[in-house]
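The file run23.cif contains mmCIF, C-alpha atoms:
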data_work
#
loop_
_atom_site.label_atom_id
_atom_site.label_comp_id
_atom_site.auth_asym_id
_atom_site.auth_seq_id
_atom_site.Cartn_x
_atom_site.Cartn_y
_atom_site.Cartn_z
CA MET V 1 122.75 3.20 89.17
CA HIS V 2 122.30 -0.09 87.33
CA GLY V 3 121.85 -2.08 90.54
CA GLU V 4 119.10 0.31 91.54
CA GLY V 5 117.52 -0.06 88.10
CA ALA V 6 117.52 -3.84 88.40
CA ARG V 7 115.83 -3.69 91.81
CA LEU V 8 113.17 -1.33 90.46
CA ARG V 9 112.50 -3.54 87.41
CA ALA V 10 112.04 -6.52 89.72
CA ARG V 11 109.11 -4.70 91.34
CA GLY V 12 107.14 -4.52 88.10
CA PRO V 13 106.53 -1.82 85.48
CA ALA V 14 106.25 0.88 88.15
CA ALA V 15 107.45 1.03 91.75
CA ARG V 16 106.95 3.50 94.55
CA VAL V 17 110.15 5.35 95.44
CA GLU V 18 111.10 8.03 97.93
CA LEU V 19 113.08 11.08 96.85
CA PRO V 20 115.08 13.40 99.14
CA GLY V 21 112.83 15.07 101.68
CA GLY V 22 110.47 12.13 101.88
CA VAL V 23 108.77 12.99 98.58
CA ARG V 24 107.03 9.96 97.05
CA ALA V 25 106.73 9.14 93.35
CA TRP V 26 106.25 6.27 90.90
CA SER V 27 109.39 5.13 89.09
CA VAL V 28 108.37 3.66 85.72
CA THR V 29 110.98 1.30 84.26
CA SER V 30 109.08 -0.62 81.56
CA PRO V 31 109.87 0.74 78.06
CA ASP V 32 106.38 -0.10 76.79
CA HIS V 33 104.65 1.53 79.73
CA LEU V 34 106.91 4.57 79.51
CA LYS V 35 106.07 5.08 75.84
CA ARG V 36 102.37 4.91 76.61
CA LEU V 37 102.62 7.32 79.52
CA LEU V 38 104.85 9.77 77.66
CA THR V 39 102.24 10.07 74.91
CA ASP V 40 99.17 9.96 77.18
CA ASP V 41 97.13 13.17 77.47
CA ARG V 42 96.33 12.11 81.03
CA VAL V 43 99.97 12.71 81.99
CA SER V 44 101.15 16.29 82.54
CA LYS V 45 104.43 18.04 83.37
CA ASP V 46 102.65 21.03 84.91
CA THR V 47 103.72 20.89 88.55
CA ARG V 48 101.49 23.68 89.76
CA ARG V 49 98.29 22.41 88.19
CA HIS V 50 98.61 18.64 88.44
CA TRP V 51 100.88 17.55 91.32
CA ALA V 52 98.72 17.03 94.40
CA ALA V 53 101.64 17.32 96.85
CA PHE V 54 102.62 20.68 95.38
CA ALA V 55 99.05 21.99 95.39
CA ASP V 56 98.70 20.93 99.04
CA GLY V 57 101.78 22.93 100.02
CA ARG V 58 103.89 19.89 100.89
CA ILE V 59 106.63 20.84 98.40
CA ARG V 60 108.49 23.88 99.67
CA PRO V 61 111.15 26.08 98.00
CA ASP V 62 113.85 24.55 100.23
CA TRP V 63 113.27 21.08 98.73
CA PRO V 64 116.63 20.21 97.07
CA LEU V 65 114.95 19.31 93.77
CA TYR V 66 112.52 22.24 93.74
CA ILE V 67 114.12 24.00 90.76
CA TRP V 68 113.79 20.83 88.65
CA VAL V 69 110.00 20.88 88.78
CA THR V 70 109.13 24.58 88.98
CA THR V 71 110.88 26.22 86.04
CA ASN V 72 108.74 28.40 83.79
CA SER V 73 109.80 26.64 80.60
CA MET V 74 108.76 24.02 78.10
CA ALA V 75 110.16 21.42 80.54
CA THR V 76 107.09 21.97 82.72
CA GLY V 77 104.66 22.96 79.99
CA TYR V 78 101.48 21.07 79.20
CA GLY V 79 99.34 21.20 76.08
CA ARG V 80 99.34 24.49 74.19
CA GLU V 81 101.68 26.14 76.70
CA HIS V 82 104.33 23.51 76.00
CA ALA V 83 103.86 23.87 72.24
CA ARG V 84 104.15 27.67 72.48
CA LEU V 85 107.41 27.57 74.44
CA ARG V 86 108.94 24.77 72.38
CA ARG V 87 108.32 26.60 69.09
CA LEU V 88 110.39 29.55 70.30
CA VAL V 89 113.46 27.34 70.76
CA ALA V 90 112.99 24.85 67.94
CA ALA V 91 114.26 27.20 65.22
CA SER V 92 117.72 27.17 66.80
CA PHE V 93 117.96 23.37 66.63
CA THR V 94 117.01 22.61 63.05
CA ALA V 95 119.10 20.00 61.22
CA ARG V 96 120.73 22.69 59.08
CA ARG V 97 121.68 24.94 62.00
CA THR V 98 122.93 21.98 64.01
CA GLU V 99 125.12 20.68 61.17
CA ALA V 100 126.52 24.18 60.71
CA LEU V 101 128.11 23.83 64.16
CA ARG V 102 130.31 20.90 63.04
CA PRO V 103 133.42 22.98 62.14
CA ARG V 104 133.29 24.78 65.48
CA ILE V 105 132.91 21.49 67.40
CA GLU V 106 135.88 20.09 65.49
CA ALA V 107 137.99 23.14 66.36
CA ILE V 108 137.05 22.97 70.06
CA ALA V 109 137.81 19.23 70.25
CA ALA V 110 141.13 19.65 68.43
CA GLY V 111 142.28 22.38 70.80
CA LEU V 112 141.39 20.32 73.86
CA LEU V 113 143.20 17.28 72.47
CA ASP V 114 146.28 19.41 71.90
CA ASP V 115 146.13 20.39 75.57
CA LEU V 116 145.79 16.75 76.61
CA ALA V 117 148.76 15.78 74.47
CA ALA V 118 150.87 18.56 75.98
CA ALA V 119 149.98 17.42 79.49
CA GLY V 120 150.81 13.82 78.63
CA ALA V 121 154.16 14.83 77.14
CA HIS V 122 155.20 16.04 80.58
CA GLY V 123 154.05 12.87 82.25
CA ARG V 124 151.09 14.45 84.01
CA PRO V 125 147.87 12.43 84.42
CA VAL V 126 144.79 14.03 82.95
CA ASP V 127 141.13 13.86 83.92
CA LEU V 128 139.38 12.94 80.67
CA ARG V 129 135.99 14.05 81.94
CA GLU V 130 137.17 17.44 83.20
CA SER V 131 139.60 18.12 80.35
CA PHE V 132 137.61 16.84 77.37
CA ALA V 133 134.13 15.41 77.95
CA TYR V 134 133.02 18.46 79.94
CA PRO V 135 134.45 21.40 77.95
CA VAL V 136 133.38 20.22 74.48
CA PRO V 137 129.61 20.62 75.00
CA LEU V 138 130.07 23.39 77.56
CA ARG V 139 131.88 25.62 75.08
CA VAL V 140 129.40 24.79 72.33
CA ILE V 141 126.37 25.76 74.45
CA ASN V 142 128.12 28.89 75.73
CA GLU V 143 128.72 30.00 72.16
CA LEU V 144 125.25 28.98 70.99
CA MET V 145 123.71 31.04 73.79
CA GLY V 146 126.20 33.89 73.44
CA VAL V 147 127.33 33.80 77.09
CA PRO V 148 130.03 36.47 77.71
CA GLU V 149 133.35 35.12 78.99
CA ARG V 150 132.98 36.97 82.29
CA LEU V 151 129.75 35.14 83.13
CA ARG V 152 130.83 31.63 82.14
CA PRO V 153 132.60 30.56 85.38
CA GLU V 154 129.70 31.61 87.61
CA LEU V 155 127.12 30.10 85.28
CA ARG V 156 129.01 26.81 85.25
CA ARG V 157 129.37 26.80 89.03
CA THR V 158 125.69 27.37 89.72
CA VAL V 159 124.46 24.94 87.06
CA ASP V 160 126.86 22.27 88.38
CA ALA V 161 125.44 22.84 91.86
CA MET V 162 121.92 22.38 90.49
CA PHE V 163 122.91 18.83 89.47
CA ASP V 164 124.38 18.09 92.94
CA THR V 165 121.81 15.88 94.65
CA THR V 166 123.78 16.01 97.93
CA ASN V 167 122.97 19.69 98.46
CA SER V 168 121.29 20.62 101.71
CA PRO V 169 117.93 22.39 101.38
CA ALA V 170 119.51 25.72 102.33
CA ALA V 171 122.37 25.31 99.84
CA ALA V 172 119.98 24.33 97.05
CA GLU V 173 117.75 27.36 97.71
CA THR V 174 120.73 29.72 97.80
CA ASN V 175 122.15 28.27 94.59
CA THR V 176 118.82 28.66 92.80
CA ALA V 177 118.79 32.38 93.65
CA GLU V 178 122.40 32.78 92.49
CA LEU V 179 121.72 30.86 89.27
CA ARG V 180 118.73 32.99 88.36
CA ALA V 181 120.75 36.12 89.21
CA VAL V 182 123.52 35.25 86.75
CA LEU V 183 120.95 34.39 84.08
CA GLY V 184 119.31 37.75 84.72
CA GLU V 185 122.69 39.38 84.19
CA LEU V 186 123.03 37.46 80.91
CA VAL V 187 119.66 38.81 79.76
CA ARG V 188 120.67 42.37 80.63
CA ALA V 189 123.96 41.99 78.78
CA LYS V 190 122.33 40.65 75.63
CA ARG V 191 119.58 43.27 75.71
CA ALA V 192 122.28 45.93 75.73
CA ALA V 193 124.29 44.23 72.97
CA PRO V 194 122.23 41.67 71.02
CA ALA V 195 123.99 39.30 68.65
CA ASP V 196 123.34 36.23 66.51
CA ASP V 197 122.77 33.80 69.37
CA LEU V 198 119.97 31.92 71.11
CA THR V 199 119.73 34.31 74.05
CA SER V 200 119.28 37.33 71.79
CA ALA V 201 116.68 35.47 69.73
CA LEU V 202 114.65 34.64 72.84
CA ILE V 203 114.93 38.20 74.10
CA ALA V 204 113.64 39.40 70.74
CA ALA V 205 110.66 37.05 71.08
CA ARG V 206 110.07 38.49 74.54
CA ASP V 207 110.54 42.19 73.75
CA GLU V 208 109.54 42.72 70.14
CA GLU V 209 106.18 40.98 70.41
CA GLY V 210 105.40 42.40 73.83
CA ALA V 211 104.86 40.39 76.97
CA GLY V 212 101.46 41.71 77.83
CA ASP V 213 100.74 43.31 81.19
CA GLY V 214 102.49 42.76 84.49
CA ALA V 215 100.47 39.65 85.25
CA ASP V 216 102.27 37.85 82.45
CA ASP V 217 105.59 38.16 84.25
CA GLY V 218 104.21 35.90 86.92
CA ALA V 219 102.84 33.40 84.44
CA GLN V 220 103.68 29.83 85.19
CA GLY V 221 105.30 27.64 82.61
CA GLY V 222 102.84 24.78 82.53
CA GLY V 223 99.28 24.12 81.61
CA GLY V 224 97.20 23.78 78.54
CA GLY V 225 94.76 26.62 79.20
CA GLY V 226 94.60 30.12 77.83
CA GLU V 227 92.97 31.57 74.76
CA GLU V 228 94.72 31.37 71.41
CA GLY V 229 94.68 35.17 71.18
CA ASP V 230 96.54 35.39 74.49
CA SER V 231 99.20 32.96 73.21
CA ARG V 232 99.86 35.27 70.26
CA ARG V 233 100.00 38.35 72.49
CA ARG V 234 102.26 36.84 75.11
CA ARG V 235 104.96 34.91 73.28
CA LEU V 236 107.33 34.81 76.26
CA SER V 237 107.18 36.23 79.77
CA GLU V 238 110.27 37.41 81.62
CA ALA V 239 110.16 34.41 83.95
CA GLU V 240 109.82 32.07 80.97
CA LEU V 241 112.74 33.79 79.26
CA VAL V 242 115.12 33.28 82.19
CA ASP V 243 114.00 29.72 82.87
CA THR V 244 114.18 28.74 79.20
CA LEU V 245 117.81 29.91 79.23
CA LEU V 246 118.35 27.81 82.36
CA LEU V 247 116.87 24.77 80.61
CA MET V 248 118.95 25.32 77.48
CA PHE V 249 122.19 25.66 79.40
CA GLY V 250 121.64 22.74 81.77
CA ALA V 251 120.12 20.31 79.28
CA GLY V 252 122.38 21.62 76.52
CA HIS V 253 125.61 20.28 77.98
CA GLU V 254 125.26 17.94 80.99
CA PRO V 255 123.79 14.93 79.09
CA THR V 256 126.48 15.26 76.40
CA VAL V 257 129.21 15.38 79.06
CA ASN V 258 127.94 12.04 80.34
CA LEU V 259 127.54 10.61 76.84
CA LEU V 260 131.17 11.39 75.94
CA ASP V 261 132.46 10.26 79.32
CA ASN V 262 130.48 7.01 79.34
CA ALA V 263 131.35 6.13 75.74
CA ALA V 264 135.08 6.68 76.31
CA HIS V 265 135.02 4.65 79.52
CA ALA V 266 133.05 1.83 77.91
CA LEU V 267 135.54 1.48 75.05
CA LEU V 268 138.67 1.88 77.18
CA THR V 269 137.50 -0.81 79.61
CA ARG V 270 136.26 -3.16 76.86
CA PRO V 271 139.08 -3.50 74.31
CA ARG V 272 137.10 -5.96 72.20
CA GLN V 273 134.39 -3.37 71.68
CA LEU V 274 136.94 -0.80 70.57
CA ALA V 275 138.46 -3.41 68.26
CA HIS V 276 135.07 -3.80 66.53
CA VAL V 277 135.11 -0.08 65.73
CA ARG V 278 138.71 -0.03 64.55
CA ALA V 279 138.12 -3.06 62.31
CA GLY V 280 134.98 -1.56 60.78
CA ARG V 281 132.62 -4.13 62.29
CA ALA V 282 130.84 -1.29 64.08
CA THR V 283 130.57 2.46 63.50
CA TRP V 284 130.80 5.44 65.81
CA HIS V 285 127.06 5.74 65.39
CA ASP V 286 126.81 2.26 66.90
CA VAL V 287 128.99 3.36 69.81
CA ILE V 288 126.84 6.42 70.47
CA GLU V 289 123.52 4.58 70.35
CA GLU V 290 124.73 1.67 72.47
CA THR V 291 126.09 4.14 75.03
CA LEU V 292 122.75 5.93 75.08
CA ARG V 293 121.05 2.59 75.66
CA ALA V 294 123.34 0.90 78.17
CA GLU V 295 124.85 3.95 79.91
CA THR V 296 121.99 6.44 79.64
CA PRO V 297 123.37 9.94 80.26
CA VAL V 298 120.42 10.98 82.46
CA ALA V 299 119.18 8.06 84.53
CA ASN V 300 115.89 9.54 85.74
CA ILE V 301 113.79 12.49 84.57
CA LEU V 302 111.64 14.46 87.02
CA MET V 303 108.63 14.81 86.97
CA ARG V 304 105.25 14.02 85.39
CA TYR V 305 101.82 13.84 87.01
CA ALA V 306 98.68 11.79 86.54
CA ILE V 307 95.71 14.01 85.70
CA GLU V 308 93.40 11.12 86.57
CA ASP V 309 93.80 7.58 87.87
CA ILE V 310 95.83 5.50 85.40
CA ARG V 311 95.91 1.71 85.62
CA LEU V 312 99.05 0.18 84.13
CA ASP V 313 98.63 -3.14 82.33
CA GLY V 314 100.02 -5.77 84.66
CA GLY V 315 100.92 -3.10 87.19
CA PRO V 316 99.56 -0.73 89.81
CA VAL V 317 97.17 2.19 89.57
CA ILE V 318 98.94 5.56 89.46
CA GLY V 319 96.56 7.80 91.34
CA LYS V 320 95.33 11.21 90.23
CA GLY V 321 97.89 13.82 91.30
CA ASP V 322 100.68 11.28 91.82
CA ALA V 323 104.19 12.10 90.59
CA ILE V 324 105.89 9.94 87.96
CA ILE V 325 109.60 9.52 87.26
CA ALA V 326 110.73 8.32 83.85
CA SER V 327 113.53 5.86 84.69
CA TYR V 328 115.34 5.85 81.36
CA ALA V 329 118.45 4.03 82.59
CA ALA V 330 116.42 1.12 83.93
CA ALA V 331 114.33 1.03 80.75
CA GLY V 332 117.42 0.93 78.53
CA ARG V 333 118.56 -2.31 80.13
CA HIS V 334 115.15 -3.92 80.35
CA PRO V 335 115.26 -7.66 79.49
CA ALA V 336 111.78 -7.42 77.94
CA LEU V 337 113.31 -5.26 75.21
CA HIS V 338 116.90 -6.51 74.97
CA GLY V 339 116.79 -10.04 76.35
CA GLU V 340 119.35 -11.69 78.57
CA SER V 341 122.15 -9.54 77.16
CA ALA V 342 120.46 -6.28 78.18
CA ASP V 343 123.17 -5.51 80.76
CA ARG V 344 126.00 -6.09 78.28
CA PHE V 345 127.58 -3.21 76.36
CA ASP V 346 127.76 -4.45 72.77
CA VAL V 347 128.32 -2.09 69.84
CA THR V 348 127.40 -4.89 67.40
CA ARG V 349 123.94 -5.29 68.95
CA ALA V 350 121.34 -5.15 66.17
CA ASP V 351 118.62 -3.46 68.22
CA LYS V 352 119.84 -0.51 70.27
CA GLU V 353 116.44 1.00 71.01
CA HIS V 354 116.47 3.37 73.96
CA LEU V 355 114.61 6.28 75.53
CA ALA V 356 117.66 8.33 76.50
CA PHE V 357 116.26 11.49 74.90
CA GLY V 358 112.68 10.86 75.93
CA TYR V 359 109.65 10.15 73.80
CA GLY V 360 106.60 12.00 72.53
CA VAL V 361 106.06 15.76 72.61
CA HIS V 362 108.78 16.29 75.22
CA TYR V 363 111.45 14.49 73.17
CA CYS V 364 114.75 16.31 73.75
CA ILE V 365 115.02 19.18 71.29
CA GLY V 366 118.82 19.12 71.54
CA ALA V 367 119.24 15.40 70.75
CA PRO V 368 120.66 16.05 67.23
CA LEU V 369 123.27 18.41 68.69
CA ALA V 370 124.29 15.92 71.39
CA ARG V 371 124.69 13.19 68.78
CA LEU V 372 126.70 15.53 66.53
CA GLU V 373 129.05 16.51 69.35
CA ALA V 374 129.65 12.85 70.16
CA ALA V 375 130.05 11.90 66.49
CA VAL V 376 132.77 14.55 66.13
CA ALA V 377 134.54 14.34 69.49
CA LEU V 378 134.77 10.57 70.04
CA PRO V 379 136.53 9.65 66.75
CA MET V 380 138.92 12.57 67.22
CA LEU V 381 139.76 11.41 70.73
CA PHE V 382 140.44 7.80 69.75
CA ASP V 383 142.30 8.78 66.58
CA ARG V 384 144.78 10.58 68.81
#

Can you turn what I pasted into structure tokens?
Amino acid sequence: MHGEGARLRARGPAARVELPGGVRAWSVTSPDHLKRLLTDDRVSKDTRRHWAAFADGRIRPDWPLYIWVTTNSMATGYGREHARLRRLVAASFTARRTEALRPRIEAIAAGLLDDLAAAGAHGRPVDLRESFAYPVPLRVINELMGVPERLRPELRRTVDAMFDTTNSPAAAETNTAELRAVLGELVRAKRAAPADDLTSALIAARDEEGAGDGADDGAQGGGGGGEEGDSRRRRLSEAELVDTLLLMFGAGHEPTVNLLDNAAHALLTRPRQLAHVRAGRATWHDVIEETLRAETPVANILMRYAIEDIRLDGGPVIGKGDAIIASYAAAGRHPALHGESADRFDVTRADKEHLAFGYGVHYCIGAPLARLEAAVALPMLFDR
């Protein structure tokens, strides 16, 4: 990953890359250029309206990354549509509600550490990612969303497969159908027995306000059009409901899995860095932010699109309709921001600026929860 990032940076602030299936895009690695693009009204996340290759029919449902760019959620929203969808989720991620999860995160981490200790007592090796880094955020998001126990294995399997970039086109298309089927089953279960969870809250937004006529169920998740009156009438379509749940589940645990995994690996392979923490020369907050910078949990984010030609200072012209990838991992180690030591993991670094959770209106809504999970789980792990 980091070798690839270095090669991309060497090509300037943006470089042409080829994704699976021969799909072309611009990979932007410069932190300054990324910030400008991520706050530029000329850059959209609405695949259907603003990606020329999609509009021309060159992107088909069997493309392995199709689900990443076609969800009907705030991830692909633009303008007022994005704001409408984001508001429906934001109430579940306030600082107060996030902090209220601390005792439950502590209990989950403690139970998992007990299991690790028991395995170690019998001399068995343990997989720290599978046995700790993965289940901490997975259990938290399952509980936050109110996923019944019977649906959790299948939901995990299909979401894991969504992150598998080695999938064949046929396997990716089949998995997408299976994933949406299990999410549909989740919606039916929570409609029948609503509770105090995110899924029930979104269903209430869908059902209690009314979703408008049948045309709304086919509404796409992006775009800035639509009258204000229509936004009030149609708070959430059925497609948007299911795909928002998909976004919450996928984005709600996978980046945190990588954050915990990468932080633990960084400290275990760099004893001097761990010694800084134990001696009080650095905090766990320092560990988390340096991990987010140097070992970004999500290396690249798909996809954004130029609404018109955009000339980058000192770089190329991104043409109207071209796709843009935000290369957060490459940006986090950019020498222009962090100097010659940019590739070095250093918890005592004064400036740990990064873009791991994005920037601008699409800044990750779950960032406070990810940081809280890491702030609880990592000290507990190393205290053991």

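Distances to Arg156 in chain V were evaluated for V:Glu81, V:Glu290, V:Glu106, V:Glu254 using only C-alpha atoms, and the minimum falls at V:Glu254.
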
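Every residue that the PyMOL selection byres ((chain V and resi 11) around 12) selects in this file is listed here: Glu4, Gly5, Ala6, Arg7, Leu8, Arg9, Ala10, Gly12, Pro13, Ala14, Ala15, Arg16, Val17, Trp26, Ser27, Val28, Thr29, Ser30, Gly314, Gly315, Pro316 and Ala330 of chain V.
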
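Excluding Pro137 in chain V itself and any same-chain residue fewer than 3 positions from it, the protein and nucleic acid residues within 9 Å of it, counting all atoms listed in the file, are Ile105, Ala133, Tyr134, Val140, Ile141, Asn142, Gly252, His253, Glu254, Thr256, Val257, Ala370 and Glu373 of chain V.
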
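Note that CA of Arg129 in chain V and CA of Asp261 in chain V are 5.8 Å apart.
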
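Applied to the file shown here, the PyMOL selection byres ((chain V and resi 202-204) around 10) selects Leu88, Val89, Met145, Val187, Arg188, Lys190, Arg191, Pro194, Asp197, Leu198, Thr199, Ser200, Ala201, Ala205, Arg206, Asp207, Glu208, Glu209, Gly210, Arg235, Leu236, Ser237, Glu238, Glu240, Leu241, Val242, Thr244 and Leu245 of chain V.
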
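Put simply, CA of Thr76 in chain V is 22.2 Å away from CA of Ala331 in chain V.
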
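For the set V:Trp51, V:Thr94, V:Thr348, V:Leu260, the residue with the smallest atom-to-atom gap to Pro135 in chain V is V:Leu260, counting all atoms listed in the file.
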
| Could you pull the residues within 12 Å of range 167-181 of chain V, counting only C-alpha atoms, minus those fewer than 4 positions along the same chain, as an MDAnalysis selection string? | chainID V and resid 20:21 59:68 70:72 151:163 185:188 238:247 249:250

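Note that CA of Ala294 in chain V and CA of Asp343 in chain V are 6.9 Å apart.
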
| request: Specify as a list of chain:residue names each residue included when the PyMOL selection byres ((chain V and resi 338) around 12) is applied to this file. | output: V:Ser30, V:Pro31, V:Glu290, V:Arg293, V:Ala294, V:Ala330, V:Ala331, V:Gly332, V:Arg333, V:His334, V:Pro335, V:Ala336, V:Leu337, V:Gly339, V:Glu340, V:Ser341, V:Ala342, V:Asp343, V:Arg344, V:Phe345, V:Asp346, V:Arg349, V:Ala350, V:Asp351, V:Lys352, V:Glu353, V:His354

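For the set V:Pro379, V:Gly146, V:Gly77, V:Gly120, the residue with the smallest atom-to-atom gap to Met303 in chain V is V:Gly77, counting only C-alpha atoms.
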
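In this comparison, which uses only C-alpha atoms, the residue of V:Asp196, V:Asp286, V:Glu295, V:Glu308 approaching Leu259 in chain V most closely is V:Glu295.
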
| task | Would you mind listing what lies within 10 Å of Ala356 in chain V as a ChimeraX atom specification, with all atoms listed in the file counted and same-chain residues fewer than 2 positions away left out? | result | /V:255,289,291-301,327-329,331-332,353-354,358-359,363-364,367

| field | Top pick for closest residue to Arg278 in chain V, considering V:Val347, V:Ile307, V:Leu38, V:Val317 and counting all atoms listed in the file | value | V:Val347

| Pick from V:Leu19, V:Met74, V:Arg86, V:Val126: nearest to Thr165 in chain V, with all atoms listed in the file counted? | V:Leu19

| task | Name the residues within 9 Å of (134.7, 8.1, 74.0), counting all atoms listed in the file in the file's coordinates, and put them as a list in words. | result | Ala133, Leu259, Leu260, Asp261, Asn262, Ala263, Ala264, His265, Ala266, Leu267, Leu268, Val287, Ile288, Ala374, Ala377, Leu378, Pro379, Leu381 and Phe382 of chain V
